[in-house]
$ cat query13.txt   # compact mmCIF, C-alpha atoms
# COMPACT_ATOMS: atom_id res chain seq x y z
CA MET F 239 -18.51 -19.59 -43.00
CA THR F 240 -18.80 -16.25 -41.25
CA THR F 241 -18.97 -13.10 -43.35
CA TYR F 242 -18.11 -9.55 -42.37
CA SER F 243 -19.64 -7.61 -45.24
CA ASN F 244 -21.27 -5.07 -42.93
CA VAL F 245 -18.02 -4.03 -41.25
CA GLU F 246 -16.32 -0.76 -42.11
CA THR F 247 -12.61 -1.38 -42.17
CA HIS F 248 -11.27 1.77 -43.77
CA ASN F 249 -9.30 2.42 -40.60
CA LEU F 250 -7.45 -0.89 -41.15
CA ALA F 251 -6.09 0.05 -44.58
CA GLY F 252 -3.00 1.74 -43.20
CA THR F 253 -2.16 -0.86 -40.58
CA PRO F 254 1.24 -2.58 -40.44
CA ASN F 255 1.58 -5.51 -42.82
CA ILE F 256 1.76 -8.91 -41.09
CA LYS F 257 4.26 -10.95 -43.07
CA LYS F 258 3.87 -14.64 -43.87
CA PRO F 259 6.34 -17.11 -42.29
CA ARG F 260 7.64 -18.17 -45.71
CA ARG F 261 11.27 -17.64 -44.74
CA TYR F 262 11.02 -19.95 -41.73
CA LEU F 263 9.25 -22.64 -43.75
CA ILE F 264 12.08 -22.57 -46.27
CA ARG F 265 14.65 -23.02 -43.49
CA MET F 266 12.72 -25.94 -42.03
CA ALA F 267 12.35 -27.61 -45.43
CA ILE F 268 16.07 -27.23 -46.16
CA PHE F 269 16.95 -28.74 -42.77
CA ILE F 270 14.63 -31.71 -43.35
CA ALA F 271 16.16 -32.23 -46.81
CA ILE F 272 19.66 -32.27 -45.29
CA ALA F 273 18.55 -34.79 -42.65
CA ILE F 274 17.03 -37.05 -45.34
CA ALA F 275 20.23 -36.82 -47.41
CA ILE F 276 22.37 -37.83 -44.42
CA THR F 277 19.98 -40.71 -43.68
CA ALA F 278 20.21 -41.94 -47.28
CA PHE F 279 24.02 -41.70 -47.22
CA LEU F 280 24.27 -43.70 -43.96
CA TYR F 281 21.37 -46.04 -44.72
CA PRO F 282 23.24 -49.38 -44.22
CA GLN F 283 24.50 -48.42 -40.77
CA ILE F 284 21.14 -46.91 -39.80
CA GLN F 285 19.32 -50.03 -40.96
CA THR F 286 21.55 -52.23 -38.83
CA ALA F 287 21.04 -49.99 -35.80
CA PHE F 288 17.28 -49.91 -36.36
CA PHE F 289 16.88 -53.69 -36.40
CA ALA F 290 18.77 -53.96 -33.09
CA ASN F 291 15.41 -53.11 -31.46
CA PRO F 292 12.76 -52.54 -34.15
CA LEU F 293 9.90 -52.01 -31.71
CA LEU F 294 11.43 -49.19 -29.66
CA ASN F 295 13.25 -47.58 -32.59
CA GLY F 296 10.07 -47.72 -34.69
CA LEU F 297 8.20 -45.95 -31.88
CA ILE F 298 10.89 -43.25 -31.79
CA ILE F 299 10.61 -42.73 -35.56
CA LEU F 300 6.80 -42.50 -35.35
CA VAL F 301 7.04 -39.85 -32.62
CA LEU F 302 9.61 -37.99 -34.73
CA ILE F 303 7.38 -38.00 -37.83
CA PHE F 304 4.39 -36.87 -35.78
CA GLY F 305 6.43 -34.04 -34.24
CA ILE F 306 7.67 -32.86 -37.66
CA LEU F 307 4.14 -32.79 -39.06
CA PHE F 308 2.81 -31.03 -35.95
CA ILE F 309 5.45 -28.28 -36.04
CA PHE F 310 4.93 -27.72 -39.77
CA ARG F 311 1.21 -27.49 -39.09
CA GLN F 312 1.82 -24.82 -36.46
CA VAL F 313 3.75 -22.68 -38.93
CA PHE F 314 1.25 -23.25 -41.77
CA MET F 315 -1.49 -22.20 -39.38
CA LEU F 316 0.25 -18.82 -39.04
CA SER F 317 -0.01 -18.43 -42.81
CA GLY F 318 -3.77 -18.92 -42.52
CA GLU F 319 -3.96 -16.22 -39.85
CA VAL F 320 -1.97 -13.83 -42.03
CA ASN F 321 -4.25 -14.56 -45.00
CA TRP F 322 -7.25 -13.70 -42.85
CA THR F 323 -5.81 -10.35 -41.77
CA GLN F 324 -4.89 -9.50 -45.37
CA SER F 325 -8.36 -10.39 -46.61
CA LEU F 326 -9.79 -8.23 -43.82
CA ARG F 327 -7.67 -5.26 -44.88
CA ARG F 328 -8.83 -5.70 -48.50
CA LEU F 329 -12.48 -6.14 -47.46
CA GLU F 330 -15.17 -4.62 -49.70
CA SER F 331 -18.82 -4.08 -48.96
CA THR F 332 -19.98 -7.22 -50.86
CA GLN F 333 -16.96 -9.48 -50.39
CA PRO F 334 -16.82 -12.00 -47.49
CA THR F 335 -13.57 -12.58 -45.69
CA ALA F 336 -11.62 -15.82 -45.60
CA ARG F 337 -12.32 -18.67 -43.20
CA PRO F 338 -12.40 -17.41 -39.60
CA PRO F 339 -9.04 -17.95 -37.90
CA ARG F 340 -8.29 -20.03 -34.81
CA LEU F 341 -5.69 -17.83 -33.13
CA LEU F 342 -7.53 -14.58 -33.90
CA ALA F 343 -11.02 -15.90 -33.18
CA PRO F 344 -11.71 -13.25 -30.44
CA LEU F 345 -10.68 -10.46 -32.82
CA ALA F 346 -12.89 -11.93 -35.56
CA THR F 347 -15.82 -11.89 -33.14
CA ILE F 348 -15.20 -8.25 -32.21
CA ILE F 349 -15.00 -7.19 -35.85
CA HIS F 350 -18.14 -9.16 -36.72
CA ASP F 351 -20.14 -7.59 -33.88
CA SER F 352 -19.01 -4.02 -34.59
CA LYS F 353 -21.18 -1.83 -36.82
CA GLY F 354 -18.65 0.86 -37.56
CA PRO F 355 -14.93 1.46 -37.73
CA VAL F 356 -13.13 -0.90 -35.37
CA ARG F 357 -11.54 0.90 -32.40
CA LEU F 358 -10.19 -1.13 -29.50
CA SER F 359 -9.53 -0.03 -25.95
CA ALA F 360 -6.18 -0.68 -24.32
CA MET F 361 -7.71 -3.32 -22.05
CA THR F 362 -9.26 -5.14 -25.03
CA MET F 363 -5.97 -5.07 -26.89
CA ASN F 364 -4.11 -6.57 -23.93
CA THR F 365 -6.77 -9.27 -23.59
CA LEU F 366 -6.48 -10.17 -27.28
CA LEU F 367 -2.70 -10.31 -27.11
CA ASP F 368 -2.83 -12.50 -24.00
CA SER F 369 -5.27 -14.85 -25.74
CA VAL F 370 -3.06 -15.15 -28.83
CA SER F 371 0.03 -15.68 -26.66
CA ALA F 372 -1.72 -18.45 -24.70
CA ARG F 373 -2.77 -20.22 -27.91
CA LEU F 374 0.74 -19.98 -29.32
CA ASP F 375 2.26 -21.27 -26.09
CA GLU F 376 -0.13 -24.21 -26.16
CA GLY F 377 1.31 -25.40 -29.47
CA ARG F 378 4.86 -24.77 -28.29
CA ASP F 379 4.23 -26.84 -25.16
CA ILE F 380 3.14 -29.82 -27.26
CA SER F 381 6.22 -29.62 -29.50
CA ARG F 382 8.52 -29.34 -26.49
CA TYR F 383 6.80 -32.32 -24.90
CA LEU F 384 7.45 -34.36 -28.06
CA ILE F 385 11.13 -33.40 -27.88
CA ASN F 386 11.27 -34.60 -24.28
CA VAL F 387 9.47 -37.81 -25.28
CA LEU F 388 12.18 -38.54 -27.86
CA VAL F 389 14.89 -37.97 -25.27
CA PHE F 390 13.01 -40.20 -22.82
CA LEU F 391 12.61 -43.01 -25.37
CA GLY F 392 16.30 -42.80 -26.21
CA LEU F 393 17.25 -43.02 -22.55
CA LEU F 394 14.72 -45.81 -22.02
CA GLY F 395 16.33 -47.85 -24.79
CA THR F 396 19.76 -47.10 -23.37
CA PHE F 397 18.90 -48.35 -19.90
CA TRP F 398 17.00 -51.30 -21.34
CA GLY F 399 20.06 -52.34 -23.36
CA LEU F 400 22.36 -51.81 -20.39
CA LEU F 401 20.16 -54.01 -18.20
CA GLU F 402 20.26 -56.75 -20.83
CA THR F 403 24.03 -56.33 -21.08
CA VAL F 404 24.63 -56.57 -17.34
CA ASP F 405 22.31 -59.59 -17.01
CA SER F 406 23.91 -61.35 -19.99
CA VAL F 407 27.44 -60.72 -18.76
CA GLY F 408 26.53 -62.17 -15.38
CA GLY F 409 25.00 -65.23 -17.02
CA ALA F 410 28.02 -65.74 -19.29
CA ILE F 411 30.43 -65.57 -16.37
CA SER F 412 28.36 -67.95 -14.26
CA THR F 413 28.15 -70.57 -17.01
CA LEU F 414 31.84 -70.39 -17.82
CA ASN F 415 33.64 -73.53 -16.47
CA VAL F 416 37.44 -73.34 -16.37
CA GLY F 417 38.12 -75.97 -13.69
CA GLY F 418 39.65 -79.41 -14.21
CA GLY F 419 42.06 -78.27 -16.91
CA GLY F 420 39.41 -78.28 -19.62
CA ASP F 421 40.00 -77.56 -23.25
CA PHE F 422 40.73 -73.89 -23.79
CA ALA F 423 39.14 -73.97 -27.26
CA ARG F 424 35.86 -75.15 -25.76
CA ILE F 425 36.09 -72.50 -23.04
CA PHE F 426 36.70 -69.79 -25.62
CA ASP F 427 33.69 -70.94 -27.67
CA GLU F 428 31.49 -70.82 -24.58
CA LEU F 429 32.80 -67.31 -23.83
CA LYS F 430 31.92 -66.14 -27.35
CA LEU F 431 28.45 -67.60 -27.08
CA GLY F 432 27.99 -65.93 -23.71
CA LEU F 433 29.09 -62.51 -25.02
CA GLU F 434 26.68 -62.45 -27.98
CA LYS F 435 23.73 -61.48 -25.81
CA PRO F 436 25.58 -58.68 -23.92
CA LEU F 437 26.73 -57.25 -27.26
CA SER F 438 23.16 -57.39 -28.51
CA GLY F 439 22.08 -55.45 -25.42
CA MET F 440 24.75 -52.83 -26.11
CA ALA F 441 23.42 -52.52 -29.67
CA VAL F 442 19.93 -51.88 -28.29
CA ALA F 443 21.27 -49.24 -25.91
CA PHE F 444 23.32 -47.32 -28.45
CA SER F 445 20.80 -47.56 -31.30
CA SER F 446 17.92 -46.28 -29.15
CA SER F 447 20.08 -43.47 -27.83
CA LEU F 448 21.13 -42.61 -31.40
CA PHE F 449 17.58 -42.42 -32.74
CA GLY F 450 16.22 -40.60 -29.69
CA LEU F 451 18.88 -37.90 -29.56
CA SER F 452 18.88 -37.43 -33.35
CA GLY F 453 15.10 -37.07 -33.35
CA SER F 454 15.21 -34.56 -30.49
CA LEU F 455 17.86 -32.58 -32.40
CA ILE F 456 15.64 -32.42 -35.50
CA LEU F 457 12.53 -31.44 -33.56
CA GLY F 458 14.53 -28.92 -31.53
CA PHE F 459 15.66 -27.06 -34.64
CA LEU F 460 12.16 -27.11 -36.13
CA ASP F 461 10.68 -25.90 -32.84
CA MET F 462 13.20 -23.04 -32.76
CA GLN F 463 12.20 -21.94 -36.27
CA ALA F 464 8.52 -22.24 -35.39
CA GLY F 465 9.11 -20.15 -32.26
CA GLN F 466 10.81 -17.43 -34.30
CA ALA F 467 7.92 -17.44 -36.79
CA GLN F 468 5.39 -17.17 -33.95
CA ASN F 469 7.32 -14.34 -32.29
CA ARG F 470 7.43 -12.46 -35.59
CA PHE F 471 3.70 -12.99 -36.04
CA TYR F 472 3.01 -11.82 -32.47
CA THR F 473 5.12 -8.68 -32.94
CA ASP F 474 3.40 -7.73 -36.21
CA LEU F 475 0.01 -8.44 -34.65
CA GLU F 476 0.84 -6.21 -31.69
CA GLU F 477 1.78 -3.35 -34.03
CA TRP F 478 -1.43 -3.89 -35.99
CA LEU F 479 -3.64 -3.85 -32.90
CA THR F 480 -1.80 -0.80 -31.55
CA SER F 481 -2.70 1.12 -34.72
CA ILE F 482 -6.44 0.54 -34.13
CA THR F 483 -6.38 0.95 -30.34
CA ARG F 484 -7.69 4.01 -28.50
CA PHE F 485 -5.42 4.77 -25.56
CA THR F 486 -6.44 6.80 -22.53
CA SER F 487 -4.19 9.19 -20.66
CA SER F 488 -4.18 6.97 -17.58
CA GLY F 489 -2.55 4.09 -19.44
CA SER F 490 -3.78 1.47 -16.95
CA ALA F 491 -6.94 -0.23 -15.77
CA ILE F 492 -8.96 1.54 -13.08
CA ALA F 493 -10.27 -0.35 -10.06
CA THR F 494 -12.02 0.58 -6.83
CA ASP F 495 -10.78 0.04 -3.31
CA GLY F 496 -12.77 -3.20 -3.13
CA ASP F 497 -10.73 -4.60 -6.04
CA GLN F 498 -13.81 -4.47 -8.30
CA SER F 499 -13.81 -3.03 -11.79
CA ILE F 500 -15.63 0.23 -12.43
CA PRO F 501 -18.86 -0.23 -14.46
CA ALA F 502 -18.55 -0.04 -18.21
CA TYR F 503 -20.52 3.20 -18.59
CA VAL F 504 -18.33 4.93 -15.97
CA HIS F 505 -15.20 3.70 -17.75
CA ALA F 506 -16.60 4.96 -21.08
CA LEU F 507 -17.42 8.31 -19.49
CA LEU F 508 -13.90 8.60 -18.12
CA GLU F 509 -12.45 7.76 -21.52
CA GLN F 510 -14.65 10.39 -23.18
CA THR F 511 -13.59 12.95 -20.59
CA GLY F 512 -9.95 12.11 -21.24
CA GLU F 513 -10.47 12.53 -24.97
CA SER F 514 -12.17 15.89 -24.41
CA LEU F 515 -9.24 17.05 -22.29
CA ASN F 516 -6.82 15.91 -24.98
CA ASN F 517 -8.80 17.82 -27.62
CA LEU F 518 -8.82 20.91 -25.41
CA GLN F 519 -5.08 20.61 -24.93
CA ARG F 520 -4.54 20.36 -28.68
CA THR F 521 -6.82 23.40 -29.24
CA LEU F 522 -4.86 25.45 -26.71
CA ALA F 523 -1.62 24.39 -28.37
CA ARG F 524 -2.94 25.52 -31.75
CA ASN F 525 -4.03 28.86 -30.25
CA GLU F 526 -0.56 29.31 -28.79
CA ASP F 527 0.94 28.65 -32.21
CA LYS F 528 -1.41 31.19 -33.83
CA ARG F 529 -0.61 33.74 -31.13
CA GLY F 530 3.09 33.19 -31.72
CA SER F 531 2.58 33.70 -35.46
CA ALA F 532 0.66 36.91 -34.79
CA GLU F 533 3.43 38.19 -32.54
CA ASN F 534 5.98 37.42 -35.23
CA SER F 535 3.83 39.31 -37.75
CA LEU F 536 3.64 42.31 -35.40
CA ILE F 537 7.39 42.27 -34.94
CA SER F 538 7.91 42.14 -38.71
CA LEU F 539 5.43 44.98 -39.22
CA SER F 540 7.16 47.06 -36.55
CA GLU F 541 10.48 46.53 -38.28
CA ARG F 542 8.99 47.59 -41.60
CA LEU F 543 7.49 50.71 -40.00
CA ALA F 544 10.83 51.55 -38.43
CA ALA F 545 12.56 51.19 -41.80
CA LEU F 546 9.85 53.32 -43.44
CA THR F 547 10.26 55.98 -40.74
CA ASP F 548 14.00 56.11 -41.35
CA GLN F 549 13.36 56.44 -45.06
CA MET F 550 10.89 59.26 -44.46
CA ARG F 551 13.40 61.07 -42.26
CA THR F 552 16.03 60.73 -44.94
CA GLU F 553 13.67 62.06 -47.62
CA GLN F 554 12.57 64.88 -45.33
CA ASP F 555 16.19 65.91 -44.75
CA LEU F 556 16.78 65.76 -48.48
CA MET F 557 13.73 67.93 -49.17
CA VAL F 558 14.83 70.43 -46.51
CA ARG F 559 18.26 70.69 -48.09
CA LEU F 560 16.66 71.05 -51.51
CA ALA F 561 14.40 73.84 -50.26
CA GLU F 562 17.37 75.58 -48.69
CA ASN F 563 19.27 75.30 -51.94
CA GLN F 564 16.30 76.74 -53.82
CA THR F 565 16.05 79.57 -51.33
CA GLU F 566 19.74 80.31 -51.74
CA LEU F 567 19.46 80.02 -55.52
CA LYS F 568 16.56 82.44 -55.87
CA PRO F 569 18.56 85.64 -55.05
CA VAL F 570 21.29 84.49 -57.38
CA LEU F 571 18.79 84.05 -60.19
CA GLU F 572 17.29 87.44 -59.49
CA ARG F 573 20.70 89.05 -59.63
CA ILE F 574 21.44 87.22 -62.84
CA ALA F 575 18.15 88.41 -64.30
CA LYS F 576 18.83 91.99 -63.29
CA SER F 577 22.34 91.89 -64.58
CA GLY F 578 21.00 90.37 -67.80
CA GLU F 579 18.55 93.16 -68.23
CA THR F 580 21.19 95.80 -67.56
CA ALA F 581 23.89 94.10 -69.54
CA GLY F 582 21.58 93.24 -72.39
CA LEU F 583 21.90 89.45 -72.56
CA ASP F 584 21.44 87.83 -75.90
CA GLN F 585 18.50 85.62 -76.81
CA ALA F 586 20.36 82.34 -76.11
CA SER F 587 21.16 83.32 -72.53
CA ARG F 588 17.59 84.32 -71.92
CA ASN F 589 16.31 81.02 -73.26
CA HIS F 590 18.78 79.18 -71.05
CA LEU F 591 17.62 81.08 -67.98
CA ARG F 592 13.98 80.45 -68.90
CA ASN F 593 14.62 76.72 -69.21
CA LEU F 594 16.40 76.72 -65.90
CA ASP F 595 13.39 78.37 -64.30
CA VAL F 596 11.03 75.81 -65.84
CA HIS F 597 13.16 72.92 -64.56
CA MET F 598 13.21 74.39 -61.08
CA VAL F 599 9.41 74.68 -61.04
CA ARG F 600 9.07 71.08 -62.24
CA LEU F 601 11.50 69.92 -59.56
CA LEU F 602 9.39 71.62 -56.90
CA GLU F 603 6.23 69.95 -58.21
CA GLU F 604 7.86 66.50 -58.24
CA SER F 605 9.08 67.03 -54.67
CA ALA F 606 5.52 67.81 -53.58
CA ASP F 607 4.18 64.71 -55.37
CA GLY F 608 6.83 62.52 -53.72
CA ARG F 609 5.93 63.87 -50.33
CA ASP F 610 2.24 63.12 -50.94
CA HIS F 611 3.11 59.57 -52.06
CA VAL F 612 5.16 58.92 -48.91
CA VAL F 613 2.35 60.21 -46.72
CA GLN F 614 -0.12 57.94 -48.53
CA GLU F 615 2.11 54.87 -47.94
CA ILE F 616 2.39 55.73 -44.25
CA ARG F 617 -1.40 55.96 -43.97
CA SER F 618 -1.84 52.56 -45.68
CA ASP F 619 0.66 50.87 -43.35
CA ILE F 620 -1.01 52.41 -40.30
CA LYS F 621 -4.41 51.11 -41.48
CA LEU F 622 -2.93 47.62 -41.97
CA LEU F 623 -1.38 47.69 -38.49
CA THR F 624 -4.71 48.75 -36.98
CA ARG F 625 -6.59 45.90 -38.69
CA THR F 626 -3.97 43.35 -37.60
CA ILE F 627 -4.11 44.46 -33.97
CA ALA F 628 -7.93 44.35 -34.03
CA ALA F 629 -7.92 40.81 -35.50
CA ILE F 630 -5.46 39.62 -32.85
CA ALA F 631 -7.56 41.12 -30.07
CA GLU F 632 -10.72 39.48 -31.45
CA GLU F 633 -9.00 36.08 -31.70
CA SER F 634 -7.70 36.40 -28.13
CA ARG F 635 -11.23 37.07 -26.87
CA ARG F 636 -12.55 34.00 -28.70
CA GLY F 637 -9.72 31.79 -27.32
$ encode --input "query13.txt" --output "structure tokens"
Amino acid sequence: MTTYSNVETHNLAGTPNIKKPRRYLIRMAIFIAIAIAITAFLYPQIQTAFFANPLLNGLIILVLIFGILFIFRQVFMLSGEVNWTQSLRRLESTQPTARPPRLLAPLATIIHDSKGPVRLSAMTMNTLLDSVSARLDEGRDISRYLINVLVFLGLLGTFWGLLETVDSVGGAISTLNVGGGGDFARIFDELKLGLEKPLSGMAVAFSSSLFGLSGSLILGFLDMQAGQAQNRFYTDLEEWLTSITRFTSSGSAIATDGDQSIPAYVHALLEQTGESLNNLQRTLARNEDKRGSAENSLISLSERLAALTDQMRTEQDLMVRLAENQTELKPVLERIAKSGETAGLDQASRNHLRNLDVHMVRLLEESADGRDHVVQEIRSDIKLLTRTIAAIAEESRRG
């Protein structure tokens, strides 16, 4: 038994799951059960037809049984292949895989010979798929040949019975003597004796045809189910191999003008060059994405600066109007103070004017602080914009 304990298969863990052909086996078993039930129900008639020509009909039944067993074996063999792939996907470092498969023997050899993660080339994948397809078609050819053999045996029995019938009818007619005004009862008895052999030949013909066509019908249905199971297995296998295949950008085999394959090292070099170009293309795409993000950030920053500029203009206009109001208010306050001194304002009015003066001074101080705060925010945003532009320029030089 071959083991694969030294193979790293972590890249196979996420491969598509190859399903077992359990559904098709159930269909085939149900069909065989129905055929057996019909045979049991019609057993007396089938027994009579069988003994019309036991040798030929027995041969037909033997071929039918062999074909049924062969087709079931083909489908059960797919279950073994699926078990091997599942054991390979669950492989641990100290656990051997199941018995090496027959259909996937080339793949088992590749995995056994590899010393790292299994990666197939497109040419190798196509070769493996062609090998599996040829092995599957080989089994299908045998089952189809058995179906044709059943049809042939049925037709052989039919023509054999017809030949016996024609020969017996000729003999019965030639031995029939109706001259001389013989007894009609004796003539009728001779006719009955002469027709027994032709009727026996007809029984051989129809019974052989019945068994042959019925057997071909049974094998045909089983072969159809086996074909569907094999197609499902082939499709799942193709998806599995595709997931572990390394494709090149060319997508086809490369050959020289002399119709000779390029050496392996040149092909490997070309594949490596293609991979490098693909990596470079992905890097350029990522740089383009980063550059687009940087441009979006610059646009957003410009919008924020524009909004901040509008806000500063609004605050500046407000401060100008406030200063103008203060300038206009100062003469009024002076006149009020003078008039208060001349008119002899009371203590409450003086306190009110003093408080008004204090509030005006505080308002001027807060206006100055607000202006300093706005200027500080503008400086911070300008520094941030400068750093962003420098980072973008540095990244562009590296790209």
$ atom_distance --input "query13.txt" --atom1 "CA of Val558 (chain F)" --atom2 "CA of Leu543 (chain F)"
22.0 Å
$ residues_around --input "query13.txt" --residues "Leu393 (chain F)" --least-positions-apart "6" --cutoff "9 Å" --atoms "all atoms listed in the file" --output "PyMOL selection string"
chain F and resi 443+446-447+450-451
$ residues_around --input "query13.txt" --residues "Met266 (chain F)" --least-positions-apart "4" --cutoff "9 Å" --atoms "all atoms listed in the file" --output "CSV table (one decimal) with C-alpha atoms, in the coordinates of the input"
chain,number,residue,atom,x,y,z
F,261,ARG,CA,11.3,-17.6,-44.7
F,262,TYR,CA,11.0,-20.0,-41.7
F,270,ILE,CA,14.6,-31.7,-43.4
F,271,ALA,CA,16.2,-32.2,-46.8
F,310,PHE,CA,4.9,-27.7,-39.8
F,459,PHE,CA,15.7,-27.1,-34.6
F,460,LEU,CA,12.2,-27.1,-36.1
F,463,GLN,CA,12.2,-21.9,-36.3
F,464,ALA,CA,8.5,-22.2,-35.4
$ atom_distance --input "query13.txt" --atom1 "CA of Ile348 (chain F)" --atom2 "CA of Gly512 (chain F)"
23.7 Å
$ residues_around --input "query13.txt" --residues "region 465-467 of chain F" --least-positions-apart "4" --cutoff "7 Å" --atoms "only C-alpha atoms" --output "list of chain:residue names"
F:Pro259, F:Tyr262, F:Asp461, F:Phe471
$ write_last_selection --input "query13.txt" --atoms "C-alpha atoms" --output "PDB file, keeping the file's coordinate frame"
ATOM      1  CA  PRO F 259       6.340 -17.110 -42.290  1.00  0.00           C
ATOM      2  CA  TYR F 262      11.020 -19.950 -41.730  1.00  0.00           C
ATOM      3  CA  ASP F 461      10.680 -25.900 -32.840  1.00  0.00           C
ATOM      4  CA  PHE F 471       3.700 -12.990 -36.040  1.00  0.00           C
TER       5      PHE F 471
END
$ residues_near_point --input "query13.txt" --point "(9.0, -34.0, -25.5)" --cutoff "12 Å" --atoms "only C-alpha atoms" --output "list in words"
Ile298, Val301, Leu302, Phe304, Gly305, Arg378, Asp379, Ile380, Ser381, Arg382, Tyr383, Leu384, Ile385, Asn386, Val387, Leu388, Val389, Phe390, Leu391, Gly392, Gly450, Leu451, Gly453, Ser454, Leu455, Leu457, Gly458 and Asp461 of chain F
$ atom_distance --input "query13.txt" --atom1 "CA of Gly318 (chain F)" --atom2 "CA of Pro339 (chain F)"
7.1 Å
$ closest_residue --input "query13.txt" --among "F:Ala346, F:Leu508, F:Leu367, F:Met598" --to "Asp474 (chain F)" --atoms "all atoms listed in the file"
F:Leu367
$ closest_residue --input "query13.txt" --among "F:Leu479, F:Ile272, F:Leu567, F:Leu556" --to "Leu345 (chain F)" --atoms "only C-alpha atoms"
F:Leu479
$ closest_residue --input "query13.txt" --among "F:Asn291, F:Val313, F:Leu280, F:Thr362" --to "Leu374 (chain F)" --atoms "only C-alpha atoms"
F:Val313
$ closest_residue --input "query13.txt" --among "F:Met363, F:Ile256, F:Ile537, F:Leu293" --to "Val320 (chain F)" --atoms "only C-alpha atoms"
F:Ile256
$ closest_residue --input "query13.txt" --among "F:Lys568, F:Lys576, F:Thr323, F:Ser317" --to "Leu594 (chain F)" --atoms "all atoms listed in the file"
F:Lys568
$ closest_residue --input "query13.txt" --among "F:Thr480, F:Ala441, F:Phe397, F:Ser538" --to "Met361 (chain F)" --atoms "all atoms listed in the file"
F:Thr480
$ residues_near_point --input "query13.txt" --point "(18.5, -49.7, -35.6)" --cutoff "9 Å" --atoms "only C-alpha atoms" --output "PyMOL selection string"
chain F and resi 283-292+295-296+441-442+444-446+448-449
